[in-house]
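Colleague: Take this structure, written in structure tokens, and hold onto it; I'll ask about it next.
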Amino acid sequence: CDHQEAYRETGAQAVSYTTGVPAMIGAKLMCEGAWLEPGVWNMEQRDPDPFMRDLNAFGLPWKDIEFRPLDEVAPQQE
């Protein structure tokens, strides 16, 4: 997240933006019923797909990068 771009857009620093947007998305998903069921749940226990889509829609784009296992790219030490 670019601090200058976040400030131009919101008048707040990027740390506030990257803290507030995910919290807002979680509340939005609860209000829409996507993340609403009885009990106490951690965010990680919910379906991540609508959350990840909303991150892109609300200005926090992400991408999935696959790496090869370390033992395939680094020499083994004995």
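Residue numbering restarts at 1 for every chain of the structure tokens, chains are lettered A, B, ... in their displayed order, and ligands are numbered from 1 as they appear.
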Just the residues within 12 Å of A:Asn56, please, counting only C-alpha atoms, with nothing from its chain fewer than 5 positions along; format it as a PyMOL selection string.

Modeller: chain A and resi 1+21-22+25+49-51+61-63

Colleague: Go ahead and save the residues from that selection, with N, CA and C atoms, as a CSV table (one decimal), in the first residue's frame.

Modeller:
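In the end it all went to result-v7.csv:
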chain,number,residue,atom,x,y,z
A,1,CYS,N,0.8,-1.2,0.0
A,1,CYS,CA,0.0,0.0,0.0
A,1,CYS,C,0.9,1.2,0.0
A,21,VAL,N,-9.7,-0.9,6.5
A,21,VAL,CA,-10.4,-1.5,5.4
A,21,VAL,C,-10.8,-3.0,5.7
A,22,PRO,N,-9.9,-3.8,6.2
A,22,PRO,CA,-10.2,-5.2,6.5
A,22,PRO,C,-11.3,-5.3,7.6
A,25,ILE,N,-14.6,-4.5,5.9
A,25,ILE,CA,-15.0,-5.6,5.1
A,25,ILE,C,-15.6,-6.7,6.0
A,49,ASP,N,-13.1,-16.3,0.5
A,49,ASP,CA,-13.3,-15.7,-0.9
A,49,ASP,C,-14.0,-14.4,-1.0
A,50,PRO,N,-15.1,-14.2,-0.3
A,50,PRO,CA,-15.7,-12.8,-0.4
A,50,PRO,C,-14.9,-11.8,0.2
A,51,PHE,N,-14.1,-12.1,1.3
A,51,PHE,CA,-13.2,-11.1,1.9
A,51,PHE,C,-12.1,-10.7,0.9
A,61,PRO,N,-5.4,-4.3,-3.2
A,61,PRO,CA,-5.2,-5.5,-4.1
A,61,PRO,C,-4.2,-6.4,-3.6
A,62,TRP,N,-4.3,-7.7,-4.0
A,62,TRP,CA,-3.4,-8.7,-3.5
A,62,TRP,C,-3.2,-9.7,-4.7
A,63,LYS,N,-2.2,-10.5,-4.6
A,63,LYS,CA,-2.0,-11.5,-5.6
A,63,LYS,C,-1.3,-12.7,-4.9

Colleague: As a ChimeraX atom specification, please: every residue in chain A that a backbone DSSP assignment puts in helix (DSSP H, G or I).

Modeller: /A:3-10,14-31,43-45,48-57,70-73
